[in-house]
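Student: Data: entry.csv, CSV, C-alpha atoms.
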```csv
chain,number,residue,atom,x,y,z
A,68,MET,CA,-18.6,-4.7,14.7
A,69,ASN,CA,-16.7,-7.2,12.5
A,70,LEU,CA,-14.8,-6.3,9.4
A,71,LEU,CA,-14.5,-9.9,8.1
A,72,ARG,CA,-16.5,-13.2,8.0
A,73,PHE,CA,-14.5,-16.2,9.0
A,74,GLY,CA,-15.0,-20.0,8.5
A,75,HIS,CA,-12.8,-23.0,9.0
A,76,ASP,CA,-11.0,-25.3,6.5
A,77,THR,CA,-11.0,-29.1,6.7
A,78,TYR,CA,-8.1,-28.9,9.1
A,79,GLY,CA,-9.9,-26.6,11.5
A,80,ASN,CA,-7.8,-23.6,10.5
A,81,ARG,CA,-9.6,-20.3,10.6
A,82,ILE,CA,-9.9,-18.8,7.1
A,83,ILE,CA,-11.5,-15.6,5.7
A,84,ASP,CA,-15.0,-16.2,4.2
A,85,GLY,CA,-15.6,-12.7,3.0
A,86,ALA,CA,-16.4,-9.2,4.2
A,87,SER,CA,-18.6,-8.9,7.3
A,88,TRP,CA,-22.1,-7.7,6.5
A,89,ASP,CA,-21.9,-5.4,9.5
A,90,LEU,CA,-20.2,-3.1,6.9
A,91,LEU,CA,-23.4,-2.8,4.8
A,92,PRO,CA,-24.9,-0.1,7.1
A,93,VAL,CA,-21.5,1.5,7.3
A,94,ALA,CA,-21.3,1.8,3.5
A,95,PHE,CA,-24.9,3.2,3.4
A,96,TRP,CA,-24.4,5.8,6.2
A,97,ALA,CA,-21.0,6.8,4.9
A,98,GLY,CA,-22.7,7.7,1.6
A,99,ILE,CA,-25.4,9.6,3.5
A,100,ALA,CA,-22.7,11.4,5.6
A,101,VAL,CA,-20.9,12.6,2.4
A,102,ILE,CA,-24.1,13.9,1.0
A,103,VAL,CA,-25.1,15.8,4.2
A,104,VAL,CA,-21.6,17.3,4.4
A,105,HIS,CA,-21.8,18.4,0.8
A,106,LEU,CA,-25.2,19.9,1.3
A,107,VAL,CA,-24.0,21.9,4.3
A,108,VAL,CA,-20.9,23.2,2.5
A,109,ARG,CA,-23.0,24.0,-0.5
A,110,ALA,CA,-25.5,25.9,1.6
A,111,MET,CA,-22.7,27.8,3.4
A,112,LYS,CA,-21.1,28.8,0.1
A,113,ARG,CA,-24.5,30.0,-1.2
A,114,GLY,CA,-25.0,32.0,2.0
A,115,LYS,CA,-21.8,33.8,1.3
A,116,GLY,CA,-22.8,34.4,-2.2
A,117,GLY,CA,-20.3,32.0,-3.6
A,118,GLY,CA,-22.8,30.3,-5.9
B,88,MET,CA,-19.3,32.5,-32.9
B,89,ALA,CA,-21.5,29.8,-31.5
B,90,SER,CA,-24.5,31.0,-29.5
B,91,ASP,CA,-25.0,30.0,-25.8
B,92,ASN,CA,-28.2,28.2,-26.6
B,93,GLN,CA,-26.4,26.0,-29.2
B,94,LYS,CA,-26.7,22.3,-28.3
B,95,ILE,CA,-23.6,20.2,-28.1
B,96,THR,CA,-23.9,16.4,-28.5
B,97,ARG,CA,-22.4,15.1,-25.2
B,98,HIS,CA,-23.3,11.4,-25.3
B,99,ALA,CA,-24.0,9.3,-28.4
B,100,GLY,CA,-27.0,7.0,-28.3
B,101,ILE,CA,-24.8,3.9,-27.8
B,102,ASP,CA,-23.0,5.5,-24.9
B,103,ARG,CA,-26.3,6.4,-23.2
B,104,ALA,CA,-27.6,2.9,-23.8
B,105,PHE,CA,-24.4,1.6,-22.2
B,106,HIS,CA,-24.8,3.9,-19.2
B,107,TRP,CA,-28.5,2.9,-18.5
B,108,ILE,CA,-28.0,-0.8,-19.1
B,109,MET,CA,-25.0,-0.7,-16.8
B,110,ALA,CA,-27.1,1.1,-14.2
B,111,ALA,CA,-29.9,-1.5,-14.5
B,112,THR,CA,-27.5,-4.4,-14.2
B,113,VAL,CA,-25.6,-2.9,-11.3
B,114,LEU,CA,-28.9,-2.3,-9.4
B,115,LEU,CA,-30.1,-5.8,-10.2
B,116,LEU,CA,-26.7,-7.2,-9.0
B,117,MET,CA,-27.0,-5.2,-5.8
B,118,ILE,CA,-30.7,-6.2,-5.2
B,119,THR,CA,-30.0,-9.9,-5.8
B,120,SER,CA,-26.9,-9.9,-3.5
B,121,LEU,CA,-27.8,-7.5,-0.7
B,122,LEU,CA,-31.5,-8.2,-0.1
B,123,PRO,CA,-30.7,-11.8,1.0
B,124,VAL,CA,-28.1,-10.3,3.4
B,125,LEU,CA,-30.9,-8.2,4.9
B,126,GLY,CA,-33.0,-11.3,5.4
B,127,ILE,CA,-35.2,-11.1,2.3
B,128,ARG,CA,-35.0,-14.6,0.9
B,129,PHE,CA,-35.7,-15.4,-2.7
B,130,ALA,CA,-34.0,-17.3,-5.6
B,131,TRP,CA,-31.4,-14.7,-6.3
B,132,TYR,CA,-28.6,-16.6,-7.9
B,133,GLY,CA,-29.9,-17.0,-11.5
B,134,VAL,CA,-30.7,-13.3,-11.9
B,135,HIS,CA,-27.4,-12.4,-10.3
B,136,TRP,CA,-25.1,-14.4,-12.6
B,137,VAL,CA,-27.1,-13.5,-15.7
B,138,SER,CA,-26.9,-9.8,-14.8
B,139,GLY,CA,-23.2,-10.2,-14.1
B,140,LEU,CA,-22.5,-11.7,-17.5
B,141,LEU,CA,-24.6,-8.9,-19.2
B,142,LEU,CA,-22.6,-6.3,-17.2
B,143,THR,CA,-19.3,-8.1,-18.3
B,144,ALA,CA,-20.4,-8.0,-21.9
B,145,ILE,CA,-21.3,-4.3,-22.0
B,146,ILE,CA,-18.2,-3.3,-20.0
B,147,ALA,CA,-16.1,-5.2,-22.5
B,148,GLY,CA,-17.9,-3.3,-25.3
B,149,HIS,CA,-17.4,0.0,-23.5
B,150,ILE,CA,-13.7,-0.6,-23.1
B,151,LEU,CA,-13.2,-1.5,-26.7
B,152,ARG,CA,-15.2,1.5,-27.9
B,153,ALA,CA,-13.4,3.8,-25.5
B,154,LEU,CA,-10.0,2.6,-26.7
B,155,PHE,CA,-10.6,2.3,-30.4
B,156,VAL,CA,-13.5,4.7,-31.3
B,157,GLN,CA,-13.4,7.4,-28.6
B,158,LYS,CA,-10.5,9.3,-27.0
B,159,PRO,CA,-9.5,7.6,-23.8
B,160,ARG,CA,-7.6,10.7,-22.6
B,161,VAL,CA,-10.8,12.7,-22.1
B,162,ILE,CA,-11.5,10.7,-19.0
B,163,MET,CA,-7.9,10.7,-17.7
B,164,ILE,CA,-7.2,13.1,-14.8
B,165,ALA,CA,-5.0,16.1,-16.0
B,166,GLY,CA,-3.5,19.2,-14.5
B,167,ALA,CA,-6.0,21.5,-16.2
B,168,ASP,CA,-8.8,19.8,-14.3
B,169,PHE,CA,-7.7,21.6,-11.1
B,170,LYS,CA,-8.0,25.0,-12.7
B,171,PRO,CA,-11.3,26.9,-12.7
B,172,ARG,CA,-13.1,26.1,-16.0
B,173,GLY,CA,-10.1,24.1,-17.1
B,174,ALA,CA,-12.0,20.9,-17.7
B,175,GLY,CA,-12.5,19.5,-21.2
B,176,LYS,CA,-15.4,17.1,-21.7
B,177,TYR,CA,-15.4,15.8,-18.1
B,178,THR,CA,-14.8,17.7,-14.8
B,179,LEU,CA,-12.5,16.4,-12.1
B,180,PRO,CA,-15.4,15.0,-9.9
B,181,GLN,CA,-16.8,13.3,-13.0
B,182,LYS,CA,-13.4,11.7,-13.7
B,183,LEU,CA,-13.0,10.6,-10.1
B,184,MET,CA,-16.5,9.1,-10.1
B,185,HIS,CA,-15.7,7.2,-13.3
B,186,LEU,CA,-12.4,6.0,-11.9
B,187,ALA,CA,-14.1,4.8,-8.7
B,188,TRP,CA,-16.8,2.9,-10.7
B,189,ALA,CA,-14.1,1.5,-13.0
B,190,VAL,CA,-12.2,0.0,-10.1
B,191,VAL,CA,-15.3,-1.3,-8.3
B,192,VAL,CA,-16.9,-2.8,-11.4
B,193,LEU,CA,-13.7,-4.4,-12.7
B,194,VAL,CA,-13.0,-6.0,-9.3
B,195,ALA,CA,-16.6,-7.3,-9.1
B,196,ILE,CA,-16.5,-8.7,-12.7
B,197,VAL,CA,-13.1,-10.5,-12.3
B,198,THR,CA,-14.0,-12.0,-8.9
B,199,GLY,CA,-17.5,-12.7,-10.1
B,200,LEU,CA,-16.3,-14.6,-13.1
B,201,LEU,CA,-13.9,-16.6,-10.8
B,202,LEU,CA,-16.7,-17.4,-8.4
B,203,LEU,CA,-18.9,-18.8,-11.2
B,204,ARG,CA,-16.5,-21.8,-11.1
B,205,LYS,CA,-17.2,-22.3,-7.4
B,206,ALA,CA,-21.0,-21.9,-7.6
B,207,GLY,CA,-21.5,-23.4,-11.1
B,208,VAL,CA,-23.8,-22.1,-13.8
B,209,SER,CA,-25.7,-23.9,-16.7
B,210,PHE,CA,-22.7,-23.8,-19.0
B,211,LEU,CA,-19.9,-24.2,-16.5
B,212,GLU,CA,-19.7,-27.2,-14.1
B,213,ARG,CA,-19.4,-26.4,-10.5
B,214,ASP,CA,-15.9,-27.2,-9.2
B,215,PRO,CA,-15.0,-25.6,-5.9
B,216,TYR,CA,-11.9,-27.7,-5.6
B,217,VAL,CA,-9.9,-25.8,-8.2
B,218,ARG,CA,-8.9,-23.4,-5.5
B,219,THR,CA,-8.3,-23.7,-1.7
B,220,LEU,CA,-11.0,-22.4,0.7
B,221,ALA,CA,-8.6,-19.7,1.7
B,222,ALA,CA,-8.3,-18.5,-1.9
B,223,TRP,CA,-12.0,-18.6,-2.4
B,224,GLY,CA,-12.3,-16.5,0.8
B,225,ILE,CA,-10.1,-13.8,-0.5
B,226,ILE,CA,-11.9,-13.7,-3.9
B,227,THR,CA,-15.2,-13.5,-2.0
B,228,LEU,CA,-13.9,-10.8,0.2
B,229,LEU,CA,-13.0,-8.7,-2.8
B,230,HIS,CA,-16.4,-9.4,-4.4
B,231,ASP,CA,-18.1,-8.3,-1.2
B,232,LEU,CA,-16.0,-5.1,-0.9
B,233,ALA,CA,-17.0,-4.2,-4.5
B,234,ALA,CA,-20.7,-4.7,-3.5
B,235,LEU,CA,-20.3,-2.6,-0.4
B,236,LEU,CA,-18.5,0.2,-2.3
B,237,SER,CA,-21.3,0.1,-4.9
B,238,VAL,CA,-23.8,1.0,-2.2
B,239,PHE,CA,-21.7,4.1,-1.3
B,240,LEU,CA,-21.1,5.0,-5.0
B,241,VAL,CA,-24.7,4.7,-6.0
B,242,LEU,CA,-25.8,7.0,-3.3
B,243,LEU,CA,-23.2,9.7,-4.3
B,244,HIS,CA,-23.8,9.2,-8.0
B,245,VAL,CA,-27.6,9.6,-7.8
B,246,TYR,CA,-27.2,12.6,-5.4
B,247,PHE,CA,-24.9,14.5,-7.7
B,248,ALA,CA,-27.0,13.6,-10.7
B,249,ILE,CA,-30.2,15.1,-9.3
B,250,LEU,CA,-28.6,18.3,-7.8
B,251,PRO,CA,-30.3,21.2,-9.6
B,252,GLU,CA,-27.0,22.8,-10.7
B,253,LYS,CA,-25.8,19.4,-12.1
B,254,ARG,CA,-29.1,18.4,-13.7
B,255,ALA,CA,-28.0,19.4,-17.2
B,256,TYR,CA,-25.5,16.5,-17.1
B,257,LEU,CA,-28.4,14.1,-16.2
B,258,ARG,CA,-30.5,15.5,-19.0
B,259,SER,CA,-27.6,15.0,-21.5
B,260,MET,CA,-27.4,11.4,-20.3
B,261,LEU,CA,-31.1,11.0,-21.2
B,262,LYS,CA,-31.3,13.1,-24.4
B,263,GLY,CA,-27.7,13.2,-25.5
B,264,SER,CA,-27.2,17.0,-25.7
B,265,ILE,CA,-26.3,20.0,-23.5
B,266,SER,CA,-26.2,23.7,-24.3
B,267,ARG,CA,-22.9,25.6,-24.6
B,268,ALA,CA,-24.1,27.9,-21.8
B,269,GLU,CA,-24.6,25.0,-19.4
B,270,LEU,CA,-21.3,23.5,-20.3
B,271,GLY,CA,-19.4,26.8,-20.1
B,272,GLN,CA,-20.0,27.1,-16.4
B,273,GLU,CA,-17.4,24.4,-15.6
B,274,HIS,CA,-15.7,23.5,-18.9
B,275,ASP,CA,-13.2,25.1,-21.3
B,276,LEU,CA,-15.4,25.2,-24.4
B,277,SER,CA,-12.4,25.4,-26.7
B,278,LYS,CA,-11.3,22.0,-25.4
B,279,VAL,CA,-14.9,20.7,-25.8
B,280,ASP,CA,-15.0,22.0,-29.4
B,281,ARG,CA,-11.7,20.1,-30.1
B,282,GLY,CA,-13.3,16.9,-28.6
B,283,ASP,CA,-11.0,16.9,-25.6
```
Output the file's structure in the form of structure tokens.

Tutor:
Amino acid sequence: MNLLRFGHDTYGNRIIDGASWDLLPVAFWAGIAVIVVHLVVRAMKRGKGGG
Amino acid sequence: MASDNQKITRHAGIDRAFHWIMAATVLLLMITSLLPVLGIRFAWYGVHWVSGLLLTAIIAGHILRALFVQKPRVIMIAGADFKPRGAGKYTLPQKLMHLAWAVVVLVAIVTGLLLLRKAGVSFLERDPYVRTLAAWGIITLLHDLAALLSVFLVLLHVYFAILPEKRAYLRSMLKGSISRAELGQEHDLSKVDRGD
């Protein structure tokens, strides 16, 4: 997985073009992961009667 | 003494309009930027820059209203936010969400406005030579990171908005008001009454 997109300038030097779109599913699944963790913690707290 | 069922105005109409127009423009910006990345091709650029300028305008209005009409300190993180029922108008998670959106949206706006010069729009002639390719790359990188973080934040924001125990906040963003009983679960009502 790449973190950055690269291109080349007129002299052939490698330059950053932007963020790699490989990170798009990472951003999505990171959000889903936080939600799942929160749901689990919430369920555990409720199981213990913590509201 | 005020009854638990008494409604408190939480968001004025103009603030609710700001919130939902911002939501619509951010979603349009994400759709027009990220669907082409996923291989869905369409003429995205016109809708993207118009939505971006609309977002810029309403954010500018929001900042001016927050600074000169509202109390900016109500959204600042304070020590009392860490105590049970110590929050004023906004809880710590709400302040953190606002801070995250503020950073992401401001980065997207500043870099987006700079990129208008590179891509060109109807009122601004395209001139990619005002900056080096390396500089455009860094600006694009920051714009891309703002888009990626928006995906993460939209998921969390919608999730927390629809949780049953948080739904009173969503209702207040639709109708404007919330009951003292609902607010009293996580907020210090004396601070809320003072407008803090």

Student: Hey, could you make a per-residue contact list for chain B against chain A with 6 Å as the cut-off, showing the nearest pair of atoms and its distance in Å to one decimal, counting only C-alpha atoms, sorted by chain and number, as JSON lines?

Tutor:
```
{"residue": "B:Ala221", "atom": "CA", "partner": "A:Ile82", "partner_atom": "CA", "distance": 5.6}
{"residue": "B:Gly224", "atom": "CA", "partner": "A:Asp84", "partner_atom": "CA", "distance": 4.4}
{"residue": "B:Thr227", "atom": "CA", "partner": "A:Gly85", "partner_atom": "CA", "distance": 5.1}
{"residue": "B:Leu228", "atom": "CA", "partner": "A:Gly85", "partner_atom": "CA", "distance": 3.8}
{"residue": "B:Asp231", "atom": "CA", "partner": "A:Ala86", "partner_atom": "CA", "distance": 5.7}
{"residue": "B:Leu235", "atom": "CA", "partner": "A:Ala94", "partner_atom": "CA", "distance": 6.0}
{"residue": "B:Phe239", "atom": "CA", "partner": "A:Gly98", "partner_atom": "CA", "distance": 4.7}
{"residue": "B:Leu242", "atom": "CA", "partner": "A:Gly98", "partner_atom": "CA", "distance": 5.8}
```

Student: For a quick check of understanding, using only C-alpha atoms, which of B:Leu116, B:His135, B:Glu273, B:His244 has the smallest distance to Lys170 of chain B?

Tutor: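 For Lys170 of chain B, the nearest of the candidates is B:Glu273.
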
Student: One decimal, Å: what's the distance from atom CA of Pro180 of chain B over to atom CA of Ser90 of chain B, could you say?

Tutor: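 Between atom CA of Pro180 of chain B and atom CA of Ser90 of chain B the gap works out to 26.9 Å.
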
Student: Name the residues in contact with Tyr256 of chain B at a cut-off of 12 Å, using only C-alpha atoms, excluding same-chain residues fewer than 5 positions from it; report them as a ChimeraX atom specification.

Tutor: /B:95-98,103,176-178,181,244-245,247-251,261-266,269-270,272-273

Student: Write out, as a compact mmCIF listing (two decimals), in the frame of the given file, the residues just selected, with C-alpha atoms.

Tutor:
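part_23.txt, freshly written:
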```
# COMPACT_ATOMS: atom_id res chain seq x y z
CA ILE B 95 -23.60 20.20 -28.10
CA THR B 96 -23.90 16.40 -28.50
CA ARG B 97 -22.40 15.10 -25.20
CA HIS B 98 -23.30 11.40 -25.30
CA ARG B 103 -26.30 6.40 -23.20
CA LYS B 176 -15.40 17.10 -21.70
CA TYR B 177 -15.40 15.80 -18.10
CA THR B 178 -14.80 17.70 -14.80
CA GLN B 181 -16.80 13.30 -13.00
CA HIS B 244 -23.80 9.20 -8.00
CA VAL B 245 -27.60 9.60 -7.80
CA PHE B 247 -24.90 14.50 -7.70
CA ALA B 248 -27.00 13.60 -10.70
CA ILE B 249 -30.20 15.10 -9.30
CA LEU B 250 -28.60 18.30 -7.80
CA PRO B 251 -30.30 21.20 -9.60
CA LEU B 261 -31.10 11.00 -21.20
CA LYS B 262 -31.30 13.10 -24.40
CA GLY B 263 -27.70 13.20 -25.50
CA SER B 264 -27.20 17.00 -25.70
CA ILE B 265 -26.30 20.00 -23.50
CA SER B 266 -26.20 23.70 -24.30
CA GLU B 269 -24.60 25.00 -19.40
CA LEU B 270 -21.30 23.50 -20.30
CA GLN B 272 -20.00 27.10 -16.40
CA GLU B 273 -17.40 24.40 -15.60
```

Student: Near Val217 of chain B, counting all atoms listed in the file, which residues have an atom at most 9 Å away, once you skip same-chain residues fewer than 2 positions from it, shown as a ChimeraX atom specification?

Tutor: /B:204-205,214-215,219

Student: Given the choices B:Trp136, B:Gln93, B:Phe105, B:Ala222, which gets closest to Ile196 of chain B if the distance is worked out from all atoms listed in the file?

Tutor: B:Trp136

Student: Using all atoms listed in the file, find the one residue out of B:Val238, B:Phe155, B:Gly175, B:Ile146 that sits nearest to Ala104 of chain B.

Tutor: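 Using all atoms listed in the file, the shortest distance to Ala104 of chain B belongs to B:Ile146.
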
Student: In Å, how far is it from atom CA of Gly282 of chain B to atom CA of Val192 of chain B?

Tutor: 26.4 Å
